[in-house]
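Have a look at upload_25.pdb below; it lists PDB, C-alpha atoms and all ligand atoms.
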```
ATOM      1  CA  MET J 190      16.964  10.378   1.085
ATOM      2  CA  TRP J 191      14.305  13.090   1.102
ATOM      3  CA  ILE J 192      11.895  10.744  -0.684
ATOM      4  CA  LEU J 193      12.626   7.980   1.851
ATOM      5  CA  LEU J 194      11.949  10.335   4.743
ATOM      6  CA  MET J 195       8.702  11.493   3.148
ATOM      7  CA  SER J 196       7.437   7.934   2.645
ATOM      8  CA  ALA J 197       8.456   6.987   6.208
ATOM      9  CA  GLU J 198       6.255   9.750   7.616
ATOM     10  CA  THR J 199       3.032   9.249   5.697
ATOM     11  CA  LEU J 200      -0.042   7.054   5.741
ATOM     12  CA  LYS J 201      -2.817   6.380   3.254
ATOM     13  CA  ILE J 202      -6.012   7.653   4.799
ATOM     14  CA  THR J 203      -9.593   6.993   3.661
ATOM     15  CA  GLU J 204     -11.260   9.420   6.077
ATOM     16  CA  ILE J 205     -10.901  11.283   9.358
ATOM     17  CA  PHE J 206     -14.135  12.264  11.063
ATOM     18  CA  TYR J 207     -15.812  13.107  14.350
ATOM     19  CA  SER J 208     -18.686  10.907  15.496
ATOM     20  CA  LEU J 209     -19.926   8.810  18.398
ATOM     21  CA  GLN J 210     -18.206   5.550  19.172
ATOM     22  CA  GLY J 211     -20.456   2.792  17.856
ATOM     23  CA  GLU J 212     -18.865  -0.194  19.577
ATOM     24  CA  THR J 213     -16.740  -1.427  22.494
ATOM     25  CA  SER J 214     -16.831  -0.332  26.137
ATOM     26  CA  THR J 215     -16.608   3.344  25.097
ATOM     27  CA  VAL J 216     -19.803   3.150  22.992
ATOM     28  CA  GLY J 217     -21.586   6.492  22.715
ATOM     29  CA  LEU J 218     -18.558   8.640  23.521
ATOM     30  CA  PRO J 219     -17.488  11.426  21.124
ATOM     31  CA  THR J 220     -14.605  10.035  19.140
ATOM     32  CA  VAL J 221     -12.418  10.987  16.197
ATOM     33  CA  PHE J 222     -11.993   8.112  13.757
ATOM     34  CA  VAL J 223      -8.917   7.800  11.568
ATOM     35  CA  ARG J 224      -9.684   5.237   8.877
ATOM     36  CA  LEU J 225      -6.583   3.891   7.177
ATOM     37  CA  THR J 226      -6.792   2.589   3.627
ATOM     38  CA  GLY J 227      -6.285  -1.063   2.704
ATOM     39  CA  CYS J 228      -6.957  -4.506   4.154
ATOM     40  CA  PRO J 229      -5.449  -7.900   3.276
ATOM     41  CA  LEU J 230      -8.622  -9.722   4.373
ATOM     42  CA  ARG J 231     -11.992 -10.106   2.657
ATOM     43  CA  CYS J 232     -14.553 -10.928   5.337
ATOM     44  CA  VAL J 233     -17.879 -11.829   3.746
ATOM     45  CA  TYR J 234     -19.773  -9.309   5.902
ATOM     46  CA  CYS J 235     -17.300  -6.435   5.461
ATOM     47  CA  ASP J 236     -19.004  -3.048   5.740
ATOM     48  CA  THR J 237     -15.973  -0.909   4.871
ATOM     49  CA  GLU J 238     -15.077  -2.132   1.412
ATOM     50  CA  TYR J 239     -14.778   1.515   0.364
ATOM     51  CA  ALA J 240     -11.569   1.588   2.440
ATOM     52  CA  PHE J 241      -9.871  -1.202   0.463
ATOM     53  CA  TYR J 242      -8.519   1.090  -2.262
ATOM     54  CA  GLY J 243      -7.817   4.727  -2.987
ATOM     55  CA  GLY J 244      -7.281   6.980  -0.016
ATOM     56  CA  LYS J 245      -5.186  10.095   0.338
ATOM     57  CA  ARG J 246      -1.534  10.061   1.378
ATOM     58  CA  MET J 247      -1.084  12.279   4.413
ATOM     59  CA  ALA J 248       1.898  13.252   6.539
ATOM     60  CA  LEU J 249       1.688  12.116  10.160
ATOM     61  CA  ASP J 250       1.963  15.774  11.250
ATOM     62  CA  ASP J 251      -1.130  16.657   9.210
ATOM     63  CA  ILE J 252      -3.093  13.687  10.544
ATOM     64  CA  VAL J 253      -2.291  14.649  14.143
ATOM     65  CA  ASP J 254      -3.212  18.293  13.392
ATOM     66  CA  GLU J 255      -6.554  17.265  11.910
ATOM     67  CA  VAL J 256      -7.346  14.968  14.838
ATOM     68  CA  ARG J 257      -6.494  17.765  17.267
ATOM     69  CA  SER J 258      -8.650  20.259  15.376
ATOM     70  CA  LEU J 259     -11.708  17.966  15.605
ATOM     71  CA  GLY J 260     -11.503  18.167  19.381
ATOM     72  CA  ALA J 261     -12.503  14.819  20.907
ATOM     73  CA  PRO J 262     -10.463  13.174  23.662
ATOM     74  CA  TRP J 263     -10.996   9.679  22.220
ATOM     75  CA  VAL J 264      -9.370   8.612  18.951
ATOM     76  CA  THR J 265      -9.945   5.298  17.174
ATOM     77  CA  ILE J 266      -7.535   4.060  14.533
ATOM     78  CA  THR J 267      -9.506   1.826  12.207
ATOM     79  CA  GLY J 268      -9.654   0.586   8.626
ATOM     80  CA  GLY J 269      -9.462  -1.499   6.579
ATOM     81  CA  GLU J 270      -6.666  -3.019   8.613
ATOM     82  CA  PRO J 271      -4.568  -0.236  10.148
ATOM     83  CA  LEU J 272      -1.562  -2.456  10.889
ATOM     84  CA  ALA J 273      -1.150  -3.194   7.176
ATOM     85  CA  GLN J 274       0.649   0.191   7.062
ATOM     86  CA  LYS J 275       3.624   0.203   9.390
ATOM     87  CA  ASN J 276       3.413   3.931  10.037
ATOM     88  CA  ALA J 277       0.237   3.256  11.986
ATOM     89  CA  LEU J 278       2.595   2.455  14.876
ATOM     90  CA  PRO J 279       4.286   5.895  15.100
ATOM     91  CA  LEU J 280       0.923   7.595  14.517
ATOM     92  CA  MET J 281      -0.577   5.865  17.566
ATOM     93  CA  ARG J 282       2.528   6.688  19.615
ATOM     94  CA  ARG J 283       2.265  10.358  18.704
ATOM     95  CA  LEU J 284      -1.438  10.537  19.490
ATOM     96  CA  CYS J 285      -0.782   8.965  22.904
ATOM     97  CA  ASP J 286       2.020  11.490  23.505
ATOM     98  CA  GLU J 287      -0.513  14.239  22.757
ATOM     99  CA  GLY J 288      -2.727  12.927  25.556
ATOM    100  CA  PHE J 289      -5.518  11.314  23.501
ATOM    101  CA  ASN J 290      -7.219   8.086  24.615
ATOM    102  CA  VAL J 291      -6.295   5.955  21.621
ATOM    103  CA  SER J 292      -7.846   2.677  20.541
ATOM    104  CA  LEU J 293      -6.960   0.418  17.621
ATOM    105  CA  GLU J 294      -9.455  -1.752  15.751
ATOM    106  CA  THR J 295      -7.582  -4.631  14.170
ATOM    107  CA  SER J 296      -8.578  -7.807  12.335
ATOM    108  CA  GLY J 297      -6.384  -9.992  14.540
ATOM    109  CA  SER J 298      -4.418 -11.247  11.547
ATOM    110  CA  LEU J 299      -1.348  -9.013  11.965
ATOM    111  CA  ASP J 300       1.172  -8.764  14.784
ATOM    112  CA  ILE J 301       0.161  -6.371  17.593
ATOM    113  CA  SER J 302       3.344  -6.770  19.660
ATOM    114  CA  GLU J 303       4.763  -3.389  18.570
ATOM    115  CA  VAL J 304       1.604  -1.392  19.340
ATOM    116  CA  ASP J 305       2.196   1.265  22.024
ATOM    117  CA  SER J 306       1.141  -0.107  25.399
ATOM    118  CA  ARG J 307      -1.020   2.992  26.044
ATOM    119  CA  VAL J 308      -3.310   2.020  23.151
ATOM    120  CA  THR J 309      -6.439  -0.041  23.844
ATOM    121  CA  VAL J 310      -6.439  -2.830  21.283
ATOM    122  CA  ILE J 311      -9.792  -4.069  19.995
ATOM    123  CA  LEU J 312      -8.768  -7.425  18.586
ATOM    124  CA  ASP J 313     -11.069  -9.400  16.297
ATOM    125  CA  LEU J 314     -11.065 -13.155  16.293
ATOM    126  CA  LYS J 315     -12.483 -14.052  12.900
ATOM    127  CA  THR J 316     -15.149 -16.752  12.984
ATOM    128  CA  PRO J 317     -15.701 -19.557  10.443
ATOM    129  CA  ALA J 318     -18.582 -17.694   8.760
ATOM    130  CA  SER J 319     -16.374 -14.639   8.149
ATOM    131  CA  GLY J 320     -14.498 -16.644   5.512
ATOM    132  CA  GLU J 321     -11.211 -15.553   7.095
ATOM    133  CA  VAL J 322     -10.881 -17.829  10.133
ATOM    134  CA  ALA J 323      -7.549 -19.143   8.867
ATOM    135  CA  ARG J 324      -6.062 -15.632   9.192
ATOM    136  CA  ASN J 325      -6.340 -15.448  12.994
ATOM    137  CA  LEU J 326      -2.903 -14.891  14.502
ATOM    138  CA  TYR J 327      -3.388 -16.520  17.886
ATOM    139  CA  ALA J 328       0.107 -15.456  18.995
ATOM    140  CA  ASN J 329      -1.462 -11.995  19.420
ATOM    141  CA  LEU J 330      -3.224 -13.294  22.522
ATOM    142  CA  GLU J 331       0.180 -13.417  24.256
ATOM    143  CA  HIS J 332       0.416  -9.620  23.876
ATOM    144  CA  ILE J 333      -3.109  -8.702  24.885
ATOM    145  CA  LYS J 334      -3.561  -6.525  27.990
ATOM    146  CA  ARG J 335      -6.350  -6.679  30.576
ATOM    147  CA  GLU J 336      -7.842  -3.405  29.307
ATOM    148  CA  ASP J 337      -7.860  -4.534  25.668
ATOM    149  CA  GLU J 338     -11.037  -6.019  24.192
ATOM    150  CA  ILE J 339     -11.588  -9.136  22.082
ATOM    151  CA  LYS J 340     -14.375  -9.043  19.551
ATOM    152  CA  PHE J 341     -16.291 -11.808  17.795
ATOM    153  CA  VAL J 342     -18.573 -10.844  14.916
ATOM    154  CA  LEU J 343     -21.116 -13.664  14.783
ATOM    155  CA  ASN J 344     -23.117 -14.728  11.779
ATOM    156  CA  ASP J 345     -25.005 -17.770  13.085
ATOM    157  CA  ARG J 346     -25.294 -20.309  15.898
ATOM    158  CA  GLN J 347     -22.223 -22.194  14.655
ATOM    159  CA  ASP J 348     -20.172 -19.009  15.037
ATOM    160  CA  TYR J 349     -21.545 -18.544  18.562
ATOM    161  CA  ASP J 350     -20.555 -22.093  19.559
ATOM    162  CA  TRP J 351     -17.136 -21.630  17.955
ATOM    163  CA  ALA J 352     -16.594 -18.376  19.885
ATOM    164  CA  ARG J 353     -17.480 -20.111  23.159
ATOM    165  CA  MET J 354     -14.959 -22.830  22.337
ATOM    166  CA  LYS J 355     -12.210 -20.254  21.656
ATOM    167  CA  ILE J 356     -13.028 -18.389  24.882
ATOM    168  CA  ASP J 357     -12.431 -21.617  26.814
ATOM    169  CA  GLU J 358      -9.428 -22.736  24.780
ATOM    170  CA  TYR J 359      -7.562 -19.425  25.206
ATOM    171  CA  ARG J 360      -9.052 -18.533  28.637
ATOM    172  CA  LEU J 361     -10.127 -15.177  27.270
ATOM    173  CA  PHE J 362     -12.109 -14.117  30.341
ATOM    174  CA  GLU J 363      -8.834 -14.222  32.289
ATOM    175  CA  LYS J 364      -7.025 -12.138  29.683
ATOM    176  CA  VAL J 365      -9.412  -9.199  29.139
ATOM    177  CA  ARG J 366     -12.255  -7.485  30.958
ATOM    178  CA  ASN J 367     -14.385  -7.204  27.840
ATOM    179  CA  VAL J 368     -15.201  -9.921  25.354
ATOM    180  CA  LEU J 369     -17.536  -8.449  22.738
ATOM    181  CA  PHE J 370     -20.191 -10.378  20.813
ATOM    182  CA  SER J 371     -21.583  -8.554  17.815
ATOM    183  CA  PRO J 372     -24.237  -9.987  15.451
ATOM    184  CA  THR J 373     -23.634  -9.424  11.742
ATOM    185  CA  PHE J 374     -26.017  -6.765  10.557
ATOM    186  CA  GLY J 375     -29.086  -8.246   8.854
ATOM    187  CA  ASN J 376     -28.000 -11.887   9.293
ATOM    188  CA  LEU J 377     -28.080 -12.882  12.949
ATOM    189  CA  SER J 378     -30.988 -11.596  15.010
ATOM    190  CA  PRO J 379     -29.692  -9.534  17.976
ATOM    191  CA  THR J 380     -32.558 -10.969  20.035
ATOM    192  CA  ASP J 381     -31.489 -14.546  19.299
ATOM    193  CA  LEU J 382     -27.912 -13.706  20.244
ATOM    194  CA  ALA J 383     -29.077 -11.991  23.447
ATOM    195  CA  ASP J 384     -31.195 -15.048  24.343
ATOM    196  CA  TRP J 385     -28.246 -17.417  23.847
ATOM    197  CA  ILE J 386     -25.970 -15.233  25.993
ATOM    198  CA  VAL J 387     -28.548 -15.031  28.781
ATOM    199  CA  ALA J 388     -29.333 -18.761  28.639
ATOM    200  CA  ASP J 389     -25.639 -19.594  28.925
ATOM    201  CA  ARG J 390     -24.947 -16.921  31.604
ATOM    202  CA  LEU J 391     -22.011 -15.881  29.443
ATOM    203  CA  PRO J 392     -20.133 -12.802  30.776
ATOM    204  CA  VAL J 393     -19.683 -11.145  27.380
ATOM    205  CA  ARG J 394     -20.807  -7.720  26.212
ATOM    206  CA  LEU J 395     -23.484  -7.757  23.477
ATOM    207  CA  GLN J 396     -22.965  -4.815  21.154
ATOM    208  CA  LEU J 397     -25.262  -3.604  18.415
ATOM    209  CA  GLN J 398     -23.134  -1.080  16.489
ATOM    210  CA  LEU J 399     -24.730   2.206  17.473
ATOM    211  CA  HIS J 400     -23.567   3.994  14.297
ATOM    212  CA  LYS J 401     -25.587   1.572  12.155
ATOM    213  CA  ILE J 402     -28.722   2.073  14.229
ATOM    214  CA  LEU J 403     -28.322   5.860  14.138
ATOM    215  CA  TRP J 404     -26.982   6.491  10.646
ATOM    216  CA  ASN J 405     -27.266   3.212   8.710
ATOM    217  CA  ASP J 406     -23.452   3.028   8.519
ATOM    218  CA  GLU J 407     -23.010   6.012   6.201
ATOM    219  CA  PRO J 408     -19.300   6.703   5.564
ATOM    220  CA  GLY J 409     -18.049   9.575   7.714
ATOM    221  CA  ARG J 410     -20.757   9.133  10.421
TER
HETATM  222  S1  LIG J 501     -10.785  -7.198   8.465
HETATM  223 FE1  LIG J 501     -12.320  -5.578   8.650
HETATM  224  S2  LIG J 501     -11.904  -4.200   6.919
HETATM  225 FE2  LIG J 501     -10.826  -6.106   6.498
HETATM  226  S3  LIG J 501     -12.268  -7.288   5.236
HETATM  227 FE3  LIG J 501     -12.580  -7.914   7.385
HETATM  228  S4  LIG J 501     -14.256  -6.597   8.107
HETATM  229 FE4  LIG J 501     -13.445  -5.660   6.218
END
```

Any chance you could give the structure as structure tokens?
Ligand code: SF4
Amino acid sequence: MWILLMSAETLKITEIFYSLQGETSTVGLPTVFVRLTGCPLRCVYCDTEYAFYGGKRMALDDIVDEVRSLGAPWVTITGGEPLAQKNALPLMRRLCDEGFNVSLETSGSLDISEVDSRVTVILDLKTPASGEVARNLYANLEHIKREDEIKFVLNDRQDYDWARMKIDEYRLFEKVRNVLFSPTFGNLSPTDLADWIVADRLPVRLQLQLHKILWNDEPGR
């Protein structure tokens, strides 16, 4: 029983660190990141492969204590794929109870229906060039809130056209305030993407991953 209780109250964590938010509508704000270990996907452009394996098992109490000690009002639960560990749900609930502004970065392949409604969900829709387009769980779009954000990481013009098609098909501009278009680092020119968005008068947010510009995506920054 004791062992069961212990395992029910822990998560595998790759890192917890204080930095500036690199993406989304809160870009630039001081944020504590809790990176959970493990991901069932293998996107071709993945920049967090170091979070696939290893990690340190931590009690939820200790995670909350560490987040509190780092002293930022914004907390992002990221990965890997955080929802691959079911105790991500009680962790987010507890952080919301503590008064933090909590966001969740998720691949869009796992069910978000149980995520606390106070959490801002940043939901990926994986494009064809990611290699994981078949993993999109479109039923998640039934649970998305207006203040959540939907993110497309785009590798080429075909991905851009595909994203536009999905926006229309699922009426995404009616579902969320922010649809995010992010070019894959080193593959798609941000200028090209910006030109396409402007030419099409598309009301999406172009984002350039501030942490990569500032720190070249070093772990823990
Ligand atoms: S979902 Fe995220 S962490 Fe998982 S493989 Fe894709 S980019 Fe990497």

All residues 12 Å or closer to J:Val291, all atoms listed in the file, same chain fewer than 4 positions away omitted, as a ChimeraX atom specification:
/J:215,220-223,256,261-267,277-278,280-287,304-311,337

Nearby polymer residues, ligand LIG 501 (chain J), at most 9 Å, only C-alpha atoms and all ligand atoms, as a PyMOL selection string
chain J and resi 227-238+240-241+267-271+294-298+313+315+319+321

So which one's closest to J:Tyr359, J:Tyr327, J:Arg390, J:Glu336, J:Asn376? Using only C-alpha atoms, please.
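Checking each candidate against J:Tyr359, we get J:Tyr327 as the closest.
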
Hey, which of J:Leu369, J:Met354, J:Leu218, J:Ile202 ends up closest to J:Asp251? Count all atoms listed in the file.
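Under the stated criterion, the closest residue is J:Ile202.
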
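Summary of the local environment: counting only C-alpha atoms, residues at most 12 Å from J:Asp350, other than itself and those fewer than 4 positions away along its chain, are Thr316, Pro317, Ala318, Phe341, Leu343, Asn344, Asp345, Arg346, Met354, Lys355, Ile356, Asp357, Phe370, Leu382, Trp385, Ile386, Asp389 and Leu391 of chain J.
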
Do you know which residues the PyMOL selection byres (((chain J and resi 216) around 12) and not hetatm) returns on this file, as a PyMOL selection string?
chain J and resi 208-215+217-220+263+265+369+394-400

Starting from the PyMOL selection byres (((chain J and resi 366) around 7) and not hetatm), expand the selection into actual residues of this file and give them as a ChimeraX atom specification.
/J:335-336,362,365,367-368

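Of the residues listed (J:Leu200, J:Leu299, J:Ile402, J:Val342), J:Val342 shows the shortest atom-to-atom separation from J:Leu314; distances use all atoms listed in the file.
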
Separation of atom CA of J:Asn405 from atom CA of J:Arg257 in Å
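Distance reported for this atom pair: 26.8 Å.
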
Give me, please, the distance in Å between atom CA of J:Asp348 and atom CA of J:Glu363, quoted to one decimal.
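Atom CA of J:Asp348 sits 21.2 Å away from atom CA of J:Glu363.
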
For each of J:Val393, J:Leu312, J:Leu293, J:Leu272, take the minimum atom-to-atom distance to J:Glu338, counting all atoms listed in the file, then give the residue where this is smallest.
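Closest to J:Glu338 of all the choices is J:Leu312.
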
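Interatomic distance, atom CA of J:Ser302 to atom CA of J:Leu330: 9.7 Å.
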
Nearest to J:Lys275: which of J:Pro372, J:Ile252, J:Gly243, J:Thr199 is it, counting only C-alpha atoms?
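Among the listed residues, the smallest separation from J:Lys275 belongs to J:Thr199.
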
Nearest to J:Ser258 among J:Leu326, J:Leu361, J:Tyr207, J:Gly320, with distances taken over only C-alpha atoms: which residue is it?
J:Tyr207

Could stretch 384-408 of chain J be completed with N, CA, C and O atoms and returned as a short mmCIF file (atom, residue, chain, number, x, y, z; two decimals), in the frame of the given file?
```
data_model
loop_
_atom_site.label_atom_id
_atom_site.label_comp_id
_atom_site.auth_asym_id
_atom_site.auth_seq_id
_atom_site.Cartn_x
_atom_site.Cartn_y
_atom_site.Cartn_z
N ASP J 384 -30.59 -13.90 23.65
CA ASP J 384 -31.20 -15.05 24.34
C ASP J 384 -30.15 -16.14 24.62
O ASP J 384 -30.14 -16.74 25.69
N TRP J 385 -29.28 -16.39 23.64
CA TRP J 385 -28.25 -17.42 23.85
C TRP J 385 -27.30 -17.00 24.98
O TRP J 385 -26.93 -17.82 25.82
N ILE J 386 -26.90 -15.72 24.97
CA ILE J 386 -25.97 -15.23 25.99
C ILE J 386 -26.59 -15.36 27.39
O ILE J 386 -25.95 -15.81 28.34
N VAL J 387 -27.86 -14.97 27.48
CA VAL J 387 -28.55 -15.03 28.78
C VAL J 387 -28.70 -16.49 29.22
O VAL J 387 -28.43 -16.83 30.38
N ALA J 388 -29.13 -17.34 28.28
CA ALA J 388 -29.33 -18.76 28.64
C ALA J 388 -28.04 -19.40 29.14
O ALA J 388 -28.06 -20.23 30.05
N ASP J 389 -26.93 -19.00 28.56
CA ASP J 389 -25.64 -19.59 28.92
C ASP J 389 -24.95 -18.84 30.06
O ASP J 389 -23.85 -19.23 30.46
N ARG J 390 -25.58 -17.74 30.54
CA ARG J 390 -24.95 -16.92 31.60
C ARG J 390 -23.51 -16.55 31.21
O ARG J 390 -22.58 -16.65 32.01
N LEU J 391 -23.35 -16.13 29.97
CA LEU J 391 -22.01 -15.88 29.44
C LEU J 391 -21.61 -14.43 29.73
O LEU J 391 -22.33 -13.51 29.31
N PRO J 392 -20.50 -14.17 30.42
CA PRO J 392 -20.13 -12.80 30.78
C PRO J 392 -19.46 -12.03 29.64
O PRO J 392 -18.33 -11.55 29.77
N VAL J 393 -20.19 -11.93 28.52
CA VAL J 393 -19.68 -11.14 27.38
C VAL J 393 -20.53 -9.89 27.25
O VAL J 393 -21.61 -9.79 27.85
N ARG J 394 -20.04 -8.94 26.47
CA ARG J 394 -20.81 -7.72 26.21
C ARG J 394 -21.45 -7.83 24.83
O ARG J 394 -20.74 -7.97 23.82
N LEU J 395 -22.78 -7.79 24.77
CA LEU J 395 -23.48 -7.76 23.48
C LEU J 395 -23.41 -6.34 22.95
O LEU J 395 -23.71 -5.38 23.67
N GLN J 396 -23.00 -6.17 21.71
CA GLN J 396 -22.96 -4.82 21.15
C GLN J 396 -23.68 -4.79 19.81
O GLN J 396 -23.60 -5.73 19.03
N LEU J 397 -24.37 -3.69 19.58
CA LEU J 397 -25.26 -3.60 18.42
C LEU J 397 -24.85 -2.53 17.41
O LEU J 397 -25.63 -2.16 16.55
N GLN J 398 -23.64 -2.03 17.48
CA GLN J 398 -23.13 -1.08 16.49
C GLN J 398 -24.05 0.14 16.36
O GLN J 398 -24.82 0.29 15.41
N LEU J 399 -23.90 1.01 17.35
CA LEU J 399 -24.73 2.21 17.47
C LEU J 399 -24.77 3.04 16.18
O LEU J 399 -25.81 3.55 15.79
N HIS J 400 -23.62 3.15 15.51
CA HIS J 400 -23.57 3.99 14.30
C HIS J 400 -24.47 3.46 13.19
O HIS J 400 -24.97 4.22 12.37
N LYS J 401 -24.69 2.12 13.18
CA LYS J 401 -25.59 1.57 12.16
C LYS J 401 -27.04 1.87 12.51
O LYS J 401 -27.87 2.15 11.65
N ILE J 402 -27.36 1.79 13.79
CA ILE J 402 -28.72 2.07 14.23
C ILE J 402 -29.04 3.55 13.98
O ILE J 402 -30.13 3.90 13.49
N LEU J 403 -28.07 4.42 14.26
CA LEU J 403 -28.32 5.86 14.14
C LEU J 403 -28.27 6.35 12.69
O LEU J 403 -29.09 7.16 12.27
N TRP J 404 -27.26 5.88 11.95
CA TRP J 404 -26.98 6.49 10.65
C TRP J 404 -26.87 5.48 9.50
O TRP J 404 -26.35 5.81 8.43
N ASN J 405 -27.30 4.23 9.76
CA ASN J 405 -27.27 3.21 8.71
C ASN J 405 -25.88 3.06 8.10
O ASN J 405 -25.73 2.82 6.90
N ASP J 406 -24.84 3.28 8.93
CA ASP J 406 -23.45 3.03 8.52
C ASP J 406 -22.97 3.88 7.35
O ASP J 406 -22.12 3.47 6.56
N GLU J 407 -23.52 5.09 7.23
CA GLU J 407 -23.01 6.01 6.20
C GLU J 407 -21.53 6.29 6.43
O GLU J 407 -21.14 6.54 7.56
N PRO J 408 -20.70 6.31 5.38
CA PRO J 408 -19.30 6.70 5.56
C PRO J 408 -19.23 8.08 6.21
O PRO J 408 -20.04 8.97 5.91
#
```
